[in-house]
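Enquirer: Pasting in a structure now, in structure tokens, and then I'll have a few things to ask.
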4 protein chains.
Amino acid sequence: MSNKPKEEFYDIAIKESSDLIEEIKEHPFNVELINNTLDYEKFKIYLQQDFLYLVDCTRALLIIAAKVDDIEIMGSLVNVARGTFAVRKQYTEYFETCDLSDNHKKSKSCSAFTDFFMRAAYHNSVAEALAASYPCFNIYQIIINHMVGEVMPKKVEDHRYQGWIDIYNNTVMNATINQVTDVANNLYAKAGDCERKKMREFFKRGLELEIMFWDEMYSLA
Amino acid sequence: MSNKPKEEFYDIAIKESSDLIEEIKEHPFNVELINNTLDYEKFKIYLQQDFLYLVDCTRALLIIAAKVDDIEIMGSLVNVARGTFAVRKQYTEYFETCDLSDNHKKSKSCSAFTDFFMRAAYHNSVAEALAASYPCFNIYQIIINHMVGEVMPKKVEDHRYQGWIDIYNNTVMNATINQVTDVANNLYAKAGDCERKKMREFFKRGLELEIMFWDEMYSLA
Amino acid sequence: MSNKPKEEFYDIAIKESSDLIEEIKEHPFNVELINNTLDYEKFKIYLQQDFLYLVDCTRALLIIAAKVDDIEIMGSLVNVARGTFAVRKQYTEYFETCDLSDNHKKSKSCSAFTDFFMRAAYHNSVAEALAASYPCFNIYQIIINHMVGEVMPKKVEDHRYQGWIDIYNNTVMNATINQVTDVANNLYAKAGDCERKKMREFFKRGLELEIMFWDEMYSLA
Amino acid sequence: MSNKPKEEFYDIAIKESSDLIEEIKEHPFNVELINNTLDYEKFKIYLQQDFLYLVDCTRALLIIAAKVDDIEIMGSLVNVARGTFAVRKQYTEYFETCDLSDNHKKSKSCSAFTDFFMRAAYHNSVAEALAASYPCFNIYQIIINHMVGEVMPKKVEDHRYQGWIDIYNNTVMNATINQVTDVANNLYAKAGDCERKKMREFFKRGLELEIMFWDEMYSLA
């Protein structure tokens with residue numbers, strides 16, 4: 001990505017949040033997940049909450065897609081929304097033993113995160129709203145790339161979380177996330193100064209809320 | 001459908017609007033379209049406006065899908081929204097000579113219709129909003145079934161509108177529309193009296209606006 | 001207003017729609033209303049529909065006020081919304097013989113107009129949404145000033161519509177409308193090119209819909 | 001209120017959350033505030049955050065007012081929204097030494113609470129959305145009544161927080177809050193079972209978020 005001009009949203013956002021991203025890479029939840037040492041009870045709670053979170057993430061994308069003027073972007077976001085919703089199905093296939101359903105109560109951090117980007121989807125501009133949801137996509141790509149490439153160079157035998165890793169570590173998912181990145185870059189390029197500032201703030205706030213989410217998941221069970 | 005209990009939304013709505021539906025079946029725009037006698041200039045204007053209308057219909061469905069509580073229904077409506085959006089592509093493939101783009105100005109009746117169901121999507125309950133959009137789906141199914149089954153029993157040779165008919169007269173489209181009908185029936189069954197009344201009013205109002213749309217399309221060019 | 005710089009929204013919008021504004025000034029509904037020759041049945045239907053329209057106009061302002069970032073503007077718009085809603089009360093006081101209630105059905109043109117600016121309030125940016133609602137305020141000020149100043153230089157004796165004229169022809173109402181103008185000018189000054197273009201389009205579209213409203217009111221009864 | 005039938009929303013909600021309400025009454029922030037022993041730095045941070053919170057509370061009420069069908073309720077909620085917004089002005093008058101402005105960053109708990117009821121305002125039904133905002137009104141009335149009536153029977157000399165207490169402890173504020181209670185009771189009475197359940201859940205969740213707000217305010221500075 002180093003050849004891209006400096007003003008791309010992706011590059012600016014990542015750079016401004018480099019400390020948060022390091023924190024996420026080194027978060028015990030993520031490190032232990034990739035090392036296959038994560039307590040399975042913690043994982044189950046995480047997966048259950050992520051299940052609920054994916055529904056709201058889909059909702060936010062649908063609202064943003066409904067509002068955006070540009071028809072091409074609208075089409076892209078509808079596809080991304082569909083893909084996001086479909087991950088729930090993959091969860092249920094890979095982890096039949098987990099108690100996945102839509103009737104569970106959201107945890108504090110899950111509520112805080114989803115309320116944040118749902119409010120943005122309804123209340124803010126399309127560009128700002130997408131920036132609020134963007135960490136949901138972007139950070140998984142970063143973590144998975146980091147984990148698979150550096151932390152886990154050799155495939156762990158009988159990795160109990162391999163199914164989860166495979167959901168995110170594949171070309172279709174990568175292409176989907178790149179689509180969101182392209183849309184975010186595109187909207188940032190056309191945004192005015194105030195809107196750009198808010199996009200960057202919302203991205204950072206989203207990352208902070210994701211860290212709180214992992215903190216909570218790690219502390220429960 | 002005669003075996004269904006009387007309280008299904010579909011049956012009630014069709015019955016209450018039987019006069020409007022007759023008017024639509026006999027509308028010169030539709031009759032001439034199916035007879036292959038419709039002026040091609042009128043058709044081109046219609047197709048251009050319908051192109052714009054499909055975008056807003058997709059938007060309305062996305063908002064409704066984002067708001068609905070029931071996850072199954074949410075999934076259905078995302079699929080329907082995607083299918084609706086895809087019809088635009090089919091239009092451009094079948095009718096390359098038509099000037100189809102998103103930059104045209106909406107006609108009066110196209111604006112009135114789309115503003116109506118867009119307002120409902122944002123402002124009203126999920127059930128009411130779907131009822132406002134429902135004529136968009138339902139009436140094509142009725143017209144096409146009527147036209148293909150009764151008006152046009154023998155295939156017209158070199159029918160210039162065959163491409164348009166084929167878009168709507170196929171099993172995938174039928175299944176999609178049946179999905180919307182199922183959702184509408186489901187929501188009606190769970191709705192209170194006020195909400196039911198409004199659903200029926202919105203359906204009727206949608207049909208009236210569709211008739212105004214055909215009136216205008218027929219009068220232009 | 002001639003001292004204002006050319007780029008004020010008010011001046012540009014009025015100039016671009018000068019033909020529509022002339023049409024409105026000369027509209028038989030308005031001319032006969034001011035001359036005290038308007039059929040009272042027509043007036044009653046107008047007042048009933050305007051009653052319904054004022055509720056939606058209030059709704060649109062509330063949504064815009066809820067969305068605007070600037071706290072000063074938010075405060076102004078809440079006041080304007082309250083003033084708009086209060087006009088309904090004045091209608092009931094001045095015209096007790098009219099059948100004013102919220103249960104009447106909206107006419108075609110009333111629906112088209114209110115659906116237009118309600119959609120904009122939910123779907124578009126704050127600046128665009130305000131431009132869509134702006135004709136509601138702006139045009140009464142123009143007509144009343146024109147009518148009272150030029151058409152009706154001498155007070156007509158026993159003018160049956162004097163109560164209606166007095167609602168709009170006073171310093172409080174003028175100050176309220178000037179507040180909306182200030183907000184519209186302010187938002188236009190900060191808007192980008194696309195948003196400015198849409199503001200002007202929405203203002204024009206609003207005026208066209210108002211003319212259709214008077215046309216319909218004049219033709220009914 | 002003991003004469004009211006059991007099914008009033010107010011009574012049910014208070015009863016179901018009696019443990020939370022006790023916790024709020026005994027919260028050190030509130031106890032020390034009323035005893036005039038609260039650290040002034042804590043109070044200043046609280047007031048600053050409450051200032052930001054009042055803006056969002058106003059926004060939520062405006063959206064709910066815009067959506068509600070019943071015109072009387074709409075009028076009531078517009079008045080309540082205006083009153084809520086006006087409290088900010090009183091804050092600045094009573095506490096000139098506090099750094100009150102809209103440019104401060106929201107704290108974690110302030111964001112979590114405001115995002116919660118803003119999401120509800122846009123996303124949920126009118127009744128559910130009002131239930132989410134209702135703790136904002138209801139709890140101050142309870143605390144102030146409790147504090148002034150029981151905890152602080154004798155007026156403390158030179159109470160540095162008297163200005164704050166006076167804002168909430170007066171007949172106008174009481175009447176406003178009673179108006180919200182009446183609307184909430186009214187909407188609950190008309191709601192179906194699912195909607196009633198959600199209203200009660202949202203009220204409870206709002207109280208929990210308020211407790212987190214006081215916790216945070218007490219821990220800061």
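Order determines the names: the first chain of the structure tokens is A, the second B, and so forth; residues in each chain are numbered 1 upward, and ligands are numbered 1 upward as they are shown.
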Excluding same-chain residues fewer than 6 positions from stretch 190-202 of chain D, what lies within 10 Å of it counting only C-alpha atoms, as a CSV table (one decimal) with N, CA and C atoms, in the first residue's frame?
Expert:
```
chain,number,residue,atom,x,y,z
B,190,LYS,N,-49.0,-10.4,12.8
B,190,LYS,CA,-48.5,-9.9,14.1
B,190,LYS,C,-48.9,-8.5,14.5
B,191,ALA,N,-49.4,-7.8,13.5
B,191,ALA,CA,-49.7,-6.3,13.7
B,191,ALA,C,-50.9,-6.1,14.6
B,192,GLY,N,-51.0,-5.0,15.3
B,192,GLY,CA,-52.2,-4.5,15.9
B,192,GLY,C,-53.2,-3.9,15.0
D,9,PHE,N,-47.0,2.2,33.1
D,9,PHE,CA,-45.6,2.0,32.8
D,9,PHE,C,-44.7,2.5,34.0
D,10,TYR,N,-45.0,3.7,34.5
D,10,TYR,CA,-44.2,4.3,35.6
D,10,TYR,C,-44.1,3.3,36.7
D,12,ILE,N,-44.7,0.0,37.0
D,12,ILE,CA,-44.0,-1.2,36.7
D,12,ILE,C,-42.5,-1.0,36.5
D,13,ALA,N,-42.2,0.0,35.8
D,13,ALA,CA,-40.7,0.3,35.6
D,13,ALA,C,-40.0,0.5,36.9
D,14,ILE,N,-40.6,1.4,37.7
D,14,ILE,CA,-39.9,1.7,39.0
D,14,ILE,C,-39.8,0.4,39.9
D,16,GLU,N,-39.7,-2.8,38.9
D,16,GLU,CA,-38.8,-3.7,38.4
D,16,GLU,C,-37.3,-3.3,38.6
D,17,SER,N,-37.1,-2.0,38.7
D,17,SER,CA,-35.8,-1.5,38.8
D,17,SER,C,-35.5,-0.9,40.2
D,116,PHE,N,-26.9,4.9,23.1
D,116,PHE,CA,-28.0,3.9,23.4
D,116,PHE,C,-29.3,4.6,23.0
D,117,PHE,N,-29.6,5.7,23.6
D,117,PHE,CA,-30.9,6.3,23.4
D,117,PHE,C,-31.1,6.9,22.0
D,120,ALA,N,-31.9,4.1,19.7
D,120,ALA,CA,-33.4,3.8,19.9
D,120,ALA,C,-34.3,4.8,19.3
D,124,ASN,N,-35.9,2.3,16.8
D,124,ASN,CA,-37.0,1.5,17.5
D,124,ASN,C,-38.3,2.3,17.3
D,125,SER,N,-39.4,1.7,17.8
D,125,SER,CA,-40.7,2.3,17.8
D,125,SER,C,-40.7,3.5,18.7
D,126,VAL,N,-41.6,4.4,18.6
D,126,VAL,CA,-41.8,5.6,19.4
D,126,VAL,C,-41.8,5.2,20.9
D,127,ALA,N,-42.6,4.2,21.2
D,127,ALA,CA,-42.8,3.9,22.6
D,127,ALA,C,-41.5,3.3,23.2
D,128,GLU,N,-40.8,2.5,22.4
D,128,GLU,CA,-39.5,1.9,22.9
D,128,GLU,C,-38.4,3.0,23.0
D,129,ALA,N,-38.4,3.9,22.1
D,129,ALA,CA,-37.4,5.0,22.1
D,129,ALA,C,-37.7,5.9,23.3
D,130,LEU,N,-38.9,6.2,23.6
D,130,LEU,CA,-39.2,7.1,24.7
D,130,LEU,C,-38.8,6.4,26.0
D,131,ALA,N,-39.0,5.1,26.1
D,131,ALA,CA,-38.6,4.3,27.3
D,131,ALA,C,-37.1,4.4,27.5
D,132,ALA,N,-36.3,4.4,26.4
D,132,ALA,CA,-34.9,4.5,26.5
D,132,ALA,C,-34.4,5.8,27.0
D,133,SER,N,-35.1,6.9,26.7
D,133,SER,CA,-34.8,8.2,27.1
D,133,SER,C,-35.4,8.5,28.5
D,134,TYR,N,-36.4,7.8,28.9
D,134,TYR,CA,-37.2,8.1,30.1
D,134,TYR,C,-36.3,8.2,31.4
D,135,PRO,N,-35.3,7.3,31.6
D,135,PRO,CA,-34.5,7.5,32.8
D,135,PRO,C,-33.9,8.9,32.9
D,184,ALA,N,-45.3,8.4,28.4
D,184,ALA,CA,-44.8,7.0,28.5
D,184,ALA,C,-45.9,6.0,29.0
D,208,GLU,N,-29.1,1.5,34.1
D,208,GLU,CA,-27.7,0.9,34.3
D,208,GLU,C,-26.7,1.9,33.7
```
Enquirer: Counting only C-alpha atoms, which residues of chain D sit at most 7 Å from some atom of chain A, and what is each one's closest atom pair with its distance in Å to one decimal, listed by chain and rising residue number, as JSON lines?
Expert:
```
{"residue": "D:Ala112", "atom": "CA", "partner": "A:Ala112", "partner_atom": "CA", "distance": 5.2}
{"residue": "D:Asp115", "atom": "CA", "partner": "A:Asp115", "partner_atom": "CA", "distance": 5.3}
{"residue": "D:Phe116", "atom": "CA", "partner": "A:Asp115", "partner_atom": "CA", "distance": 5.5}
{"residue": "D:Met118", "atom": "CA", "partner": "A:Arg119", "partner_atom": "CA", "distance": 6.1}
{"residue": "D:Arg119", "atom": "CA", "partner": "A:Arg119", "partner_atom": "CA", "distance": 4.8}
{"residue": "D:Tyr122", "atom": "CA", "partner": "A:Tyr122", "partner_atom": "CA", "distance": 6.6}
```
Enquirer: Got a sec to tell me which of stretch 4-217 of chain B DSSP assigns to helix (DSSP H, G or I), as a PyMOL selection string?
Expert: chain B and resi 9-16+18-25+28-35+40-67+71-94+108-123+126-151+162-168+171-190+193-217
Enquirer: Atom CA of B:Ile143 and atom CA of B:Tyr91 are how many Å apart?
Expert: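 Separation of atom CA of B:Ile143 and atom CA of B:Tyr91: 18.3 Å.
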Enquirer: Give me, please, the distance in Å between atom CA of A:His104 and atom CA of D:Glu22, quoted to one decimal.
Expert: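 Computing it gives 27.1 Å between the two atoms.
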Enquirer: Would you kindly return, as a PyMOL selection string, each protein, DNA or RNA residue with an atom no farther than 9 Å from any atom of stretch 28-44 of chain A, considering only C-alpha atoms and excluding same-chain residues fewer than 4 positions away?
Expert: chain A and resi 24+48-49+95+97-100+143-144+147-148+151-152+156+158-162+165+214-215+217-221
